[in-house]
file target.cif (mmCIF, C-alpha atoms)
data_query
#
loop_
_atom_site.label_atom_id
_atom_site.label_comp_id
_atom_site.auth_asym_id
_atom_site.auth_seq_id
_atom_site.Cartn_x
_atom_site.Cartn_y
_atom_site.Cartn_z
CA MET F 1 51.21 -76.27 -57.20
CA VAL F 2 50.57 -72.64 -58.07
CA ILE F 3 53.02 -72.85 -60.96
CA GLU F 4 51.36 -76.04 -62.28
CA THR F 5 47.95 -74.36 -62.23
CA SER F 6 49.12 -71.30 -64.12
CA ILE F 7 50.80 -73.45 -66.75
CA GLN F 8 47.56 -75.40 -67.09
CA TYR F 9 45.51 -72.23 -67.63
CA ALA F 10 47.99 -70.95 -70.18
CA GLU F 11 47.77 -74.23 -72.07
CA LEU F 12 43.98 -74.17 -71.95
CA THR F 13 44.04 -70.66 -73.42
CA ASP F 14 46.32 -71.90 -76.20
CA ILE F 15 43.88 -74.72 -76.93
CA MET F 16 40.98 -72.24 -77.10
CA GLN F 17 42.88 -69.97 -79.48
CA ALA F 18 43.87 -72.90 -81.70
CA LEU F 19 40.29 -74.17 -81.71
CA ASN F 20 38.98 -70.74 -82.63
CA ASP F 21 41.49 -70.29 -85.45
CA ARG F 22 40.98 -73.75 -86.92
CA GLY F 23 37.19 -73.57 -86.71
CA ASN F 24 36.92 -69.94 -87.82
CA PHE F 25 34.66 -69.29 -84.85
CA VAL F 26 33.75 -65.92 -83.36
CA ILE F 27 34.80 -67.00 -79.89
CA SER F 28 35.58 -70.21 -77.99
CA VAL F 29 35.35 -70.50 -74.20
CA LEU F 30 35.80 -73.15 -71.55
CA THR F 31 33.88 -72.81 -68.30
CA ASP F 32 33.06 -74.87 -65.27
CA GLU F 33 29.47 -75.89 -64.50
CA SER F 34 28.73 -72.67 -62.66
CA GLY F 35 29.94 -70.48 -65.51
CA LEU F 36 33.35 -69.65 -64.10
CA LEU F 37 35.54 -68.81 -67.06
CA LEU F 38 38.53 -71.17 -67.26
CA ALA F 39 39.92 -70.17 -70.65
CA SER F 40 38.93 -68.12 -73.67
CA SER F 41 40.15 -67.45 -77.19
CA ASP F 42 39.15 -63.80 -76.77
CA GLN F 43 41.25 -61.54 -74.61
CA ASN F 44 38.36 -59.12 -74.15
CA PRO F 45 37.09 -60.01 -70.65
CA ASP F 46 33.57 -58.65 -71.31
CA THR F 47 33.00 -60.85 -74.36
CA SER F 48 34.42 -63.94 -72.67
CA GLU F 49 32.48 -63.44 -69.44
CA MET F 50 29.27 -62.92 -71.37
CA GLN F 51 29.68 -66.09 -73.37
CA SER F 52 30.70 -68.13 -70.34
CA ALA F 53 27.58 -66.88 -68.54
CA VAL F 54 25.44 -67.99 -71.47
CA GLY F 55 27.19 -71.38 -71.46
CA ALA F 56 26.48 -71.82 -67.76
CA GLN F 57 22.82 -70.88 -68.24
CA VAL F 58 22.61 -73.49 -70.96
CA GLN F 59 24.15 -76.06 -68.63
CA GLY F 60 21.65 -75.13 -65.89
CA LEU F 61 18.81 -75.69 -68.33
CA VAL F 62 20.32 -78.99 -69.40
CA GLN F 63 20.40 -80.21 -65.80
CA ARG F 64 16.67 -79.50 -65.56
CA VAL F 65 15.98 -81.29 -68.83
CA VAL F 66 18.03 -84.30 -67.73
CA ARG F 67 16.25 -84.43 -64.38
CA HIS F 68 12.72 -84.09 -65.77
CA LEU F 69 13.00 -86.14 -68.95
CA SER F 70 15.21 -88.89 -67.51
CA MET F 71 17.50 -88.11 -70.41
CA ALA F 72 21.11 -89.28 -70.34
CA GLU F 73 23.62 -86.43 -69.93
CA PRO F 74 23.30 -84.40 -73.17
CA GLU F 75 26.35 -84.39 -75.37
CA GLU F 76 25.59 -81.25 -77.31
CA ILE F 77 23.27 -78.27 -77.06
CA THR F 78 22.87 -75.76 -79.85
CA LEU F 79 21.09 -72.41 -79.88
CA ASN F 80 20.48 -70.98 -83.34
CA ASP F 81 19.41 -67.57 -84.52
CA VAL F 82 17.43 -66.83 -87.69
CA GLU F 83 20.56 -65.70 -89.54
CA GLY F 84 22.25 -69.07 -89.02
CA LYS F 85 24.61 -68.12 -86.19
CA ARG F 86 24.96 -70.93 -83.66
CA LEU F 87 26.13 -71.31 -80.09
CA VAL F 88 27.27 -74.89 -79.59
CA CYS F 89 27.86 -76.13 -76.02
CA ARG F 90 29.52 -79.45 -75.28
CA PRO F 91 29.55 -80.51 -71.60
CA PHE F 92 32.16 -83.16 -70.81
CA ARG F 93 33.98 -84.71 -67.87
CA VAL F 94 37.54 -83.96 -66.80
CA GLY F 95 38.46 -85.96 -63.73
CA ASP F 96 35.63 -85.44 -61.22
CA ALA F 97 34.41 -82.21 -62.78
CA THR F 98 32.07 -81.33 -65.65
CA VAL F 99 33.22 -78.47 -67.85
CA ILE F 100 31.57 -76.82 -70.84
CA LEU F 101 33.23 -76.00 -74.13
CA ALA F 102 31.19 -73.38 -76.00
CA VAL F 103 31.84 -71.92 -79.42
CA LEU F 104 30.02 -69.23 -81.37
CA ILE F 105 29.79 -70.16 -85.07
CA PRO F 106 29.16 -67.25 -87.43
CA THR F 107 27.77 -68.95 -90.54
CA LYS F 108 25.22 -71.61 -91.33
CA GLY F 109 26.52 -75.04 -92.32
CA GLN F 110 30.00 -74.38 -90.96
CA ALA F 111 31.70 -77.58 -89.68
CA TYR F 112 32.61 -77.68 -86.00
CA ARG F 113 32.41 -81.25 -84.63
CA LYS F 114 35.85 -82.47 -85.60
CA VAL F 115 37.74 -79.46 -84.25
CA MET F 116 35.66 -79.47 -81.04
CA ASN F 117 36.36 -83.19 -80.52
CA GLN F 118 40.08 -82.55 -80.96
CA ALA F 119 39.95 -79.63 -78.53
CA ILE F 120 38.10 -81.75 -75.94
CA ARG F 121 40.77 -84.46 -76.17
CA SER F 122 43.52 -81.83 -75.76
CA ILE F 123 41.76 -80.30 -72.75
CA GLN F 124 41.39 -83.71 -71.10
CA GLN F 125 45.08 -84.45 -71.68
CA THR F 126 46.12 -81.03 -70.28
CA TRP F 127 43.83 -81.46 -67.27
CA ASN F 128 45.27 -84.87 -66.47
CA PHE F 129 48.82 -83.60 -66.82
CA MET R 1 -16.62 -48.05 -70.22
CA ALA R 2 -17.41 -51.76 -70.60
CA LEU R 3 -20.43 -53.60 -71.91
CA GLN R 4 -20.77 -57.20 -70.79
CA GLY R 5 -23.21 -60.05 -71.21
CA SER R 6 -23.88 -63.48 -72.61
CA LEU R 7 -23.70 -64.60 -76.23
CA ARG R 8 -27.18 -66.06 -75.71
CA GLU R 9 -28.44 -62.47 -75.41
CA MET R 10 -26.24 -60.93 -78.08
CA SER R 11 -24.44 -62.95 -80.77
CA VAL R 12 -20.86 -62.43 -81.94
CA VAL R 13 -22.20 -61.26 -85.33
CA ASP R 14 -24.35 -58.60 -83.60
CA LEU R 15 -21.45 -57.47 -81.43
CA ILE R 16 -19.14 -57.09 -84.42
CA GLN R 17 -21.79 -55.32 -86.51
CA HIS R 18 -22.67 -52.82 -83.77
CA THR R 19 -19.06 -52.06 -82.89
CA CYS R 20 -18.08 -51.55 -86.53
CA GLN R 21 -21.16 -49.54 -87.48
CA ASP R 22 -20.60 -47.26 -84.47
CA GLN R 23 -16.98 -46.82 -85.69
CA LYS R 24 -15.60 -47.69 -82.28
CA THR R 25 -12.09 -48.45 -81.11
CA ALA R 26 -12.58 -51.32 -78.69
CA LEU R 27 -11.58 -54.73 -77.40
CA LEU R 28 -14.15 -57.54 -77.46
CA THR R 29 -13.18 -60.41 -75.15
CA ILE R 30 -15.17 -63.62 -75.31
CA ASN R 31 -14.75 -66.51 -72.87
CA ARG R 32 -16.15 -70.00 -73.26
CA ASP R 33 -15.13 -73.29 -71.59
CA GLY R 34 -11.77 -71.92 -70.48
CA LYS R 35 -10.96 -70.56 -73.96
CA GLN R 36 -10.62 -66.86 -74.65
CA ILE R 37 -10.82 -64.95 -77.93
CA GLN R 38 -9.93 -61.27 -78.19
CA ILE R 39 -11.06 -59.12 -81.12
CA PHE R 40 -9.67 -55.60 -81.51
CA PHE R 41 -11.45 -52.83 -83.40
CA LYS R 42 -9.95 -49.56 -84.63
CA ASP R 43 -12.37 -46.82 -85.74
CA GLY R 44 -14.97 -49.43 -86.72
CA THR R 45 -12.58 -51.83 -88.46
CA ILE R 46 -11.43 -55.22 -87.14
CA VAL R 47 -7.64 -54.97 -86.97
CA HIS R 48 -6.55 -57.89 -84.80
CA ALA R 49 -7.81 -61.09 -83.16
CA ALA R 50 -6.08 -63.61 -80.93
CA MET R 51 -6.81 -66.94 -79.32
CA GLY R 52 -3.78 -68.10 -77.32
CA GLY R 53 -0.91 -67.99 -79.82
CA ILE R 54 -3.22 -68.09 -82.85
CA ILE R 55 -3.73 -64.65 -84.33
CA GLY R 56 -5.32 -63.21 -87.44
CA GLU R 57 -8.66 -64.18 -89.00
CA LYS R 58 -8.91 -67.74 -87.63
CA PRO R 59 -9.94 -66.68 -84.08
CA ILE R 60 -12.77 -64.57 -85.63
CA PHE R 61 -14.12 -67.60 -87.49
CA GLU R 62 -13.88 -69.65 -84.28
CA ALA R 63 -15.74 -66.93 -82.33
CA LEU R 64 -18.51 -66.84 -84.95
CA SER R 65 -19.20 -70.53 -84.28
CA TRP R 66 -19.71 -69.93 -80.53
CA GLU R 67 -23.33 -69.80 -79.54
CA ASP R 68 -22.75 -69.46 -75.81
CA GLY R 69 -20.12 -67.80 -73.65
CA GLU R 70 -19.57 -64.50 -71.86
CA PHE R 71 -18.36 -61.32 -73.52
CA VAL R 72 -16.91 -57.99 -72.40
CA LEU R 73 -16.64 -55.02 -74.79
CA GLU R 74 -14.18 -52.38 -73.60
CA VAL R 75 -14.33 -49.15 -75.59
CA GLY R 76 -11.09 -47.25 -76.14
CA THR R 77 -8.69 -50.21 -75.94
CA GLU R 78 -6.17 -50.17 -78.78
CA ALA R 79 -4.82 -53.29 -80.58
CA PRO R 80 -1.18 -54.21 -79.86
CA ILE R 81 -0.61 -55.13 -83.54
CA VAL R 82 -2.50 -55.27 -86.83
CA SER R 83 -3.06 -58.86 -88.00
CA ILE R 84 -6.25 -58.40 -90.06
CA THR R 85 -6.74 -56.17 -93.10
CA ARG R 86 -9.96 -57.62 -94.59
CA ASN R 87 -13.09 -55.51 -93.99
CA TRP R 88 -15.52 -56.69 -91.33
CA SER R 89 -18.45 -57.50 -93.62
CA SER R 90 -16.24 -59.72 -95.76
CA LEU R 91 -14.99 -61.45 -92.58
CA LEU R 92 -18.56 -62.15 -91.46
CA LEU R 93 -19.43 -63.54 -94.89
CA GLU R 94 -16.36 -65.77 -94.89
CA GLY R 95 -17.20 -66.93 -91.35
CA ALA R 96 -20.75 -67.79 -92.38
CA LYS R 97 -19.45 -69.67 -95.43
CA GLN R 98 -17.01 -71.67 -93.29
CA MET R 99 -19.77 -72.56 -90.82
CA ASP R 100 -21.98 -73.78 -93.67
CA GLU R 101 -19.16 -75.92 -95.05
CA SER R 102 -18.26 -77.36 -91.64
CA SER R 103 -21.87 -78.18 -90.74
CA SER R 104 -22.32 -80.03 -94.04
CA SER R 105 -19.08 -81.94 -93.43
CA GLY R 106 -20.07 -83.07 -89.93
CA GLY R 107 -19.03 -80.36 -87.50
CA PRO R 108 -16.92 -77.26 -87.04
CA LEU R 109 -13.17 -77.57 -87.32
CA SER R 110 -11.64 -75.15 -84.83
CA PRO R 111 -8.09 -73.77 -85.34
CA GLU R 112 -6.95 -75.99 -82.47
CA LYS R 113 -8.36 -79.09 -84.19
CA MET R 114 -6.73 -78.03 -87.45
CA ILE R 115 -3.36 -77.61 -85.68
CA ASN R 116 -3.85 -80.98 -84.01
CA ASN R 117 -4.58 -82.64 -87.38
CA THR R 118 -1.47 -81.00 -88.86
CA LEU R 119 0.61 -82.32 -85.97
CA VAL R 120 -0.80 -85.87 -86.19
CA ASN R 121 -0.20 -85.99 -89.95
CA PHE R 122 3.35 -84.73 -89.46
CA LEU R 123 4.17 -87.38 -86.85
CA MET R 124 2.69 -90.14 -88.99
CA ALA R 125 4.86 -89.12 -91.93
CA SER R 126 8.00 -88.33 -89.91
CA LYS R 127 10.97 -90.70 -89.97
CA LEU R 128 12.52 -89.12 -86.87
CA TYR R 129 9.92 -87.62 -84.54
CA LYS R 130 7.76 -89.74 -82.28
CA GLU R 131 6.32 -87.01 -80.05
CA ALA R 132 5.65 -83.30 -80.49
CA LEU R 133 3.58 -80.42 -79.26
CA VAL R 134 2.67 -76.94 -80.51
CA MET R 135 2.32 -74.19 -77.94
CA ASP R 136 2.42 -70.45 -77.55
CA THR R 137 5.19 -68.60 -75.74
CA ALA R 138 2.93 -68.07 -72.72
CA GLY R 139 2.89 -71.86 -72.22
CA THR R 140 -0.60 -72.63 -73.58
CA VAL R 141 -0.63 -75.91 -75.50
CA MET R 142 -2.47 -75.76 -78.84
CA ALA R 143 -1.92 -79.40 -79.78
CA ALA R 144 0.06 -82.26 -78.29
CA CYS R 145 0.86 -85.82 -79.36
CA LEU R 146 2.77 -87.36 -76.48
CA GLU R 147 3.26 -90.98 -75.48
CA ASN R 148 2.78 -90.02 -71.86
CA PRO R 149 0.25 -87.15 -71.68
CA PRO R 150 0.98 -86.28 -68.01
CA ASP R 151 4.40 -85.13 -69.25
CA GLN R 152 2.72 -82.24 -71.08
CA GLU R 153 2.98 -79.70 -68.29
CA MET R 154 6.62 -80.49 -67.66
CA LEU R 155 7.47 -80.41 -71.38
CA THR R 156 5.81 -77.03 -71.88
CA ALA R 157 7.78 -75.68 -68.92
CA ILE R 158 11.01 -76.96 -70.45
CA ALA R 159 10.12 -75.58 -73.89
CA ALA R 160 9.29 -72.18 -72.40
CA ALA R 161 12.61 -72.23 -70.48
CA ILE R 162 14.54 -73.11 -73.66
CA VAL R 163 12.87 -70.30 -75.63
CA ASN R 164 13.48 -67.86 -72.82
CA LEU R 165 17.12 -68.85 -72.56
CA GLY R 166 17.58 -68.99 -76.34
CA SER R 167 16.06 -65.55 -76.90
CA ARG R 168 18.10 -64.03 -74.09
CA SER R 169 21.33 -65.69 -75.19
CA VAL R 170 20.94 -64.80 -78.86
CA ARG R 171 20.11 -61.23 -77.91
CA LEU R 172 23.14 -61.03 -75.65
CA MET R 173 25.48 -62.39 -78.26
CA ASN R 174 24.42 -60.77 -81.51
CA LYS R 175 21.10 -58.98 -81.15
CA GLY R 176 19.45 -61.46 -83.57
CA LYS R 177 16.25 -63.47 -83.21
CA PHE R 178 16.16 -66.92 -81.64
CA ASP R 179 15.33 -69.62 -84.20
CA TYR R 180 15.75 -73.08 -82.70
CA SER R 181 17.62 -75.13 -80.13
CA ILE R 182 18.63 -78.78 -80.24
CA ILE R 183 19.62 -80.84 -77.21
CA GLN R 184 21.10 -84.22 -77.98
CA GLY R 185 21.75 -87.05 -75.58
CA GLU R 186 22.54 -90.70 -76.15
CA ASN R 187 18.94 -91.93 -76.01
CA THR R 188 16.84 -88.84 -76.77
CA SER R 189 17.10 -85.68 -78.84
CA MET R 190 14.82 -82.69 -78.66
CA ILE R 191 14.27 -79.55 -80.68
CA VAL R 192 12.44 -76.35 -79.87
CA MET R 193 11.74 -74.26 -82.98
CA MET R 194 9.98 -70.91 -83.25
CA VAL R 195 7.20 -70.78 -85.88
CA SER R 196 6.53 -67.11 -85.13
CA PRO R 197 7.40 -64.83 -82.20
CA THR R 198 4.41 -66.32 -80.33
CA MET R 199 4.16 -69.92 -81.54
CA LEU R 200 6.67 -72.74 -81.13
CA ILE R 201 7.09 -76.45 -81.77
CA PHE R 202 8.68 -78.93 -79.36
CA GLY R 203 9.73 -82.22 -80.96
CA LEU R 204 11.23 -85.36 -79.41
CA CYS R 205 13.16 -88.05 -81.31
CA PRO R 206 14.52 -91.32 -79.95
CA GLY R 207 18.31 -91.73 -80.29
CA LYS R 208 20.69 -89.21 -81.77
CA PRO R 209 19.65 -88.35 -85.33
CA ASN R 210 21.57 -85.94 -87.54
CA PRO R 211 20.69 -82.40 -86.34
CA ALA R 212 20.36 -81.17 -89.94
CA SER R 213 17.72 -83.85 -90.61
CA MET R 214 15.90 -82.90 -87.41
CA VAL R 215 15.78 -79.28 -88.58
CA GLU R 216 14.77 -80.21 -92.14
CA GLU R 217 11.74 -82.19 -90.95
CA ILE R 218 10.56 -79.72 -88.34
CA VAL R 219 10.81 -76.79 -90.78
CA ARG R 220 8.19 -78.62 -92.88
CA LEU R 221 5.84 -78.72 -89.90
CA SER R 222 6.60 -75.06 -89.21
CA ALA R 223 5.64 -74.17 -92.80
CA GLU R 224 2.37 -76.11 -92.45
CA LEU R 225 1.50 -74.11 -89.34
CA ALA R 226 2.08 -70.86 -91.23
CA GLU R 227 -1.61 -70.32 -91.94
CA PHE R 228 -2.24 -69.85 -88.23
CA VAL R 229 0.11 -66.89 -87.82
CA VAL R 230 0.63 -63.54 -89.50
CA SER R 231 2.72 -64.17 -92.62
CA ASP R 232 5.26 -61.39 -92.05
CA GLU R 233 6.03 -62.79 -88.60
CA LEU R 234 6.94 -66.24 -89.89
CA ILE R 235 10.41 -67.42 -88.90
CA HIS R 236 10.43 -70.03 -91.72
CA PRO R 237 8.32 -68.69 -94.59
CA ALA R 238 7.33 -71.32 -97.16
#

call {"tool": "encode", "arguments": {"input": "target.cif", "output": "structure tokens"}}
result
Amino acid sequence: MVIETSIQYAELTDIMQALNDRGNFVISVLTDESGLLLASSDQNPDTSEMQSAVGAQVQGLVQRVVRHLSMAEPEEITLNDVEGKRLVCRPFRVGDATVILAVLIPTKGQAYRKVMNQAIRSIQQTWNF
Amino acid sequence: MALQGSLREMSVVDLIQHTCQDQKTALLTINRDGKQIQIFFKDGTIVHAAMGGIIGEKPIFEALSWEDGEFVLEVGTEAPIVSITRNWSSLLLEGAKQMDESSSSGGPLSPEKMINNTLVNFLMASKLYKEALVMDTAGTVMAACLENPPDQEMLTAIAAAIVNLGSRSVRLMNKGKFDYSIIQGENTSMIVMMVSPTMLIFGLCPGKPNPASMVEEIVRLSAELAEFVVSDELIHPA
């Protein structure tokens, strides 16, 4: 069981690195709902922890929005700065859990949906393995 | 040292004239019907005015139309920023001119009414947005067009939370300035966009429109609200 889990985490890290390379993102992270870092494209723990914390804060806000506005579970949340940098968070289900894939996109107009969709499918397959 | 009283005893014009002629540095706070206008003077010159998130000359013109209300003049209080550069006599003349024009056209048009008109016109022309509100970062609503008005308090709380989170997150990640946030679900999408560091727009669309189109439309509203904020603080200058 321990071996299976470690293989899973290693695969998730590979998926994050592939996503980051293909999308030309600054960083890509996968967290659980509470912000616990599951995998990151960046080996610097400070950067990864910081972005996972932001992702979890976003998810916390989303829960409030969903509860108050009777909105269906949001599929995507973006935070944009004035220079065009974007943090895109995609919450999705894997088994009984909700996890958050978050990427930091450096330039305005840069495509991200296709590569994120592919990464989500890969994560779901790895999780169900 | 503070001087206080009623506008029935001393008009806004008199207060401004006396403060400027005495070359004082002071804060004049006027309250009427739950609204508050602050006018800052520096060495006898008006340098800043604010009413909620609206800053610059507009709050002065609004104050000049108030015939009743309570005022407090605190000498020695410095302005946090400079949002007005026109001299005080020219401001009073412009205010008098605006009051003449508004009385001949059927009544004064306050900045809040002007923002509300801008918002209504935007929603009527919009292909995507059905509801929206304009508020300041302290949570005060300047104008709102909502299908269910009791939602207003909850929506402003959510908008304030999104701005707070957005600003903190952007600062944490790259030290930039927060611009806007979009949350998309299957049946509703929302955007919170900063017009200036103190004013923001919250827009709601049914369904899941293209985010770029959401931004394109709301930037137009942001540009139309530009006259209510200091130009060099605009996030989306025209």

call {"tool": "residues_around", "arguments": {"input": "target.cif", "residues": "Asn24 (chain F)", "least_positions_apart": "3", "cutoff": "9 Å", "atoms": "all atoms listed in the file", "output": "list in words"}}
result
Leu19, Asn20, Asp21, Ile27, Ile105, Pro106 and Gln110 of chain F

call {"tool": "resolve_selection", "arguments": {"input": "target.cif", "expression": "the PyMOL selection byres ((chain R) within 10 of (chain F))", "output": "ChimeraX atom specification"}}
result
/R:151,154-155,157-159,161-163,165-194,208,211-212,235-236

call {"tool": "atom_distance", "arguments": {"input": "target.cif", "atom1": "CA of Tyr112 (chain F)", "atom2": "CA of Glu131 (chain R)"}}
result
28.5 Å

call {"tool": "axis_aligned_box", "arguments": {"input": "target.cif", "around": "region 112-119 of chain F", "padding_each_side": "8 Å", "output": "lines of an AutoDock Vina configuration file"}}
result
center_x = 36.2
center_y = -80.4
center_z = -82.3
size_x = 23.7
size_y = 21.5
size_z = 23.5

call {"tool": "closest_residue", "arguments": {"input": "target.cif", "among": "R:Leu73, R:Asp33, R:Ser213, R:Arg86", "to": "Leu128 (chain R)", "atoms": "only C-alpha atoms"}}
result
R:Ser213

call {"tool": "residues_around", "arguments": {"input": "target.cif", "residues": "region 39-43 of chain F", "least_positions_apart": "6", "cutoff": "10 Å", "atoms": "all atoms listed in the file", "output": "ChimeraX atom specification"}}
result
/F:8-21,25-32,49,51-52,101-103

call {"tool": "decode", "arguments": {"input": "target.cif", "residues": "region 39-111 of chain F", "atoms": "C-alpha atoms", "output": "PDB file, in the first residue's frame"}}
result
ATOM      1  CA  ALA F  39       2.135  17.316  -6.412  1.00  0.00           C
ATOM      2  CA  SER F  40       3.980  20.233  -7.965  1.00  0.00           C
ATOM      3  CA  SER F  41       5.986  21.000 -11.086  1.00  0.00           C
ATOM      4  CA  ASP F  42       8.344  23.104  -8.960  1.00  0.00           C
ATOM      5  CA  GLN F  43      10.799  21.401  -6.672  1.00  0.00           C
ATOM      6  CA  ASN F  44      11.154  24.532  -4.546  1.00  0.00           C
ATOM      7  CA  PRO F  45       8.947  23.716  -1.520  1.00  0.00           C
ATOM      8  CA  ASP F  46       8.355  27.394  -0.653  1.00  0.00           C
ATOM      9  CA  THR F  47       6.952  28.264  -4.082  1.00  0.00           C
ATOM     10  CA  SER F  48       4.789  25.143  -4.230  1.00  0.00           C
ATOM     11  CA  GLU F  49       3.430  25.556  -0.708  1.00  0.00           C
ATOM     12  CA  MET F  50       2.614  29.184  -1.369  1.00  0.00           C
ATOM     13  CA  GLN F  51       0.692  28.420  -4.532  1.00  0.00           C
ATOM     14  CA  SER F  52      -1.140  25.489  -2.966  1.00  0.00           C
ATOM     15  CA  ALA F  53      -2.174  27.761  -0.083  1.00  0.00           C
ATOM     16  CA  VAL F  54      -3.534  30.282  -2.564  1.00  0.00           C
ATOM     17  CA  GLY F  55      -5.383  27.492  -4.392  1.00  0.00           C
ATOM     18  CA  ALA F  56      -6.976  26.326  -1.150  1.00  0.00           C
ATOM     19  CA  GLN F  57      -8.027  29.875  -0.255  1.00  0.00           C
ATOM     20  CA  VAL F  58      -9.642  30.149  -3.659  1.00  0.00           C
ATOM     21  CA  GLN F  59     -11.468  26.875  -3.058  1.00  0.00           C
ATOM     22  CA  GLY F  60     -12.658  28.119   0.352  1.00  0.00           C
ATOM     23  CA  LEU F  61     -14.053  31.219  -1.295  1.00  0.00           C
ATOM     24  CA  VAL F  62     -15.704  29.120  -3.973  1.00  0.00           C
ATOM     25  CA  GLN F  63     -17.495  27.042  -1.341  1.00  0.00           C
ATOM     26  CA  ARG F  64     -18.939  30.252   0.105  1.00  0.00           C
ATOM     27  CA  VAL F  65     -20.012  31.473  -3.321  1.00  0.00           C
ATOM     28  CA  VAL F  66     -21.641  28.132  -4.108  1.00  0.00           C
ATOM     29  CA  ARG F  67     -23.466  28.098  -0.774  1.00  0.00           C
ATOM     30  CA  HIS F  68     -24.722  31.683  -0.957  1.00  0.00           C
ATOM     31  CA  LEU F  69     -25.519  31.980  -4.653  1.00  0.00           C
ATOM     32  CA  SER F  70     -26.934  28.466  -5.086  1.00  0.00           C
ATOM     33  CA  MET F  71     -24.421  28.157  -7.887  1.00  0.00           C
ATOM     34  CA  ALA F  72     -23.489  24.728  -9.220  1.00  0.00           C
ATOM     35  CA  GLU F  73     -19.928  23.664  -8.326  1.00  0.00           C
ATOM     36  CA  PRO F  74     -17.684  26.114 -10.246  1.00  0.00           C
ATOM     37  CA  GLU F  75     -15.563  24.577 -12.943  1.00  0.00           C
ATOM     38  CA  GLU F  76     -12.950  27.285 -13.165  1.00  0.00           C
ATOM     39  CA  ILE F  77     -11.797  30.261 -11.136  1.00  0.00           C
ATOM     40  CA  THR F  78      -9.310  32.789 -12.449  1.00  0.00           C
ATOM     41  CA  LEU F  79      -7.505  35.592 -10.643  1.00  0.00           C
ATOM     42  CA  ASN F  80      -5.860  38.129 -12.940  1.00  0.00           C
ATOM     43  CA  ASP F  81      -3.363  40.878 -12.291  1.00  0.00           C
ATOM     44  CA  VAL F  82      -3.072  44.118 -14.266  1.00  0.00           C
ATOM     45  CA  GLU F  83      -0.070  42.830 -16.212  1.00  0.00           C
ATOM     46  CA  GLY F  84      -2.053  39.872 -17.580  1.00  0.00           C
ATOM     47  CA  LYS F  85      -0.683  37.149 -15.303  1.00  0.00           C
ATOM     48  CA  ARG F  86      -3.378  34.655 -14.330  1.00  0.00           C
ATOM     49  CA  LEU F  87      -3.900  32.044 -11.659  1.00  0.00           C
ATOM     50  CA  VAL F  88      -6.340  29.452 -12.974  1.00  0.00           C
ATOM     51  CA  CYS F  89      -7.863  26.970 -10.507  1.00  0.00           C
ATOM     52  CA  ARG F  90      -9.876  23.963 -11.640  1.00  0.00           C
ATOM     53  CA  PRO F  91     -11.569  21.957  -8.865  1.00  0.00           C
ATOM     54  CA  PHE F  92     -12.550  18.437  -9.920  1.00  0.00           C
ATOM     55  CA  ARG F  93     -13.527  15.084  -8.437  1.00  0.00           C
ATOM     56  CA  VAL F  94     -11.285  12.047  -8.105  1.00  0.00           C
ATOM     57  CA  GLY F  95     -13.143   9.193  -6.461  1.00  0.00           C
ATOM     58  CA  ASP F  96     -14.792  10.636  -3.340  1.00  0.00           C
ATOM     59  CA  ALA F  97     -12.434  13.592  -3.069  1.00  0.00           C
ATOM     60  CA  THR F  98     -12.283  17.058  -4.620  1.00  0.00           C
ATOM     61  CA  VAL F  99      -8.837  18.206  -5.668  1.00  0.00           C
ATOM     62  CA  ILE F 100      -7.663  21.484  -7.197  1.00  0.00           C
ATOM     63  CA  LEU F 101      -5.365  21.865 -10.160  1.00  0.00           C
ATOM     64  CA  ALA F 102      -3.867  25.368 -10.200  1.00  0.00           C
ATOM     65  CA  VAL F 103      -1.539  26.877 -12.765  1.00  0.00           C
ATOM     66  CA  LEU F 104       0.147  30.267 -12.906  1.00  0.00           C
ATOM     67  CA  ILE F 105       0.122  31.642 -16.470  1.00  0.00           C
ATOM     68  CA  PRO F 106       2.717  34.331 -17.190  1.00  0.00           C
ATOM     69  CA  THR F 107       1.311  36.092 -20.260  1.00  0.00           C
ATOM     70  CA  LYS F 108      -2.033  37.418 -21.399  1.00  0.00           C
ATOM     71  CA  GLY F 109      -3.919  35.404 -24.000  1.00  0.00           C
ATOM     72  CA  GLN F 110      -1.861  32.271 -23.421  1.00  0.00           C
ATOM     73  CA  ALA F 111      -3.873  29.055 -24.046  1.00  0.00           C
TER      74      ALA F 111
END
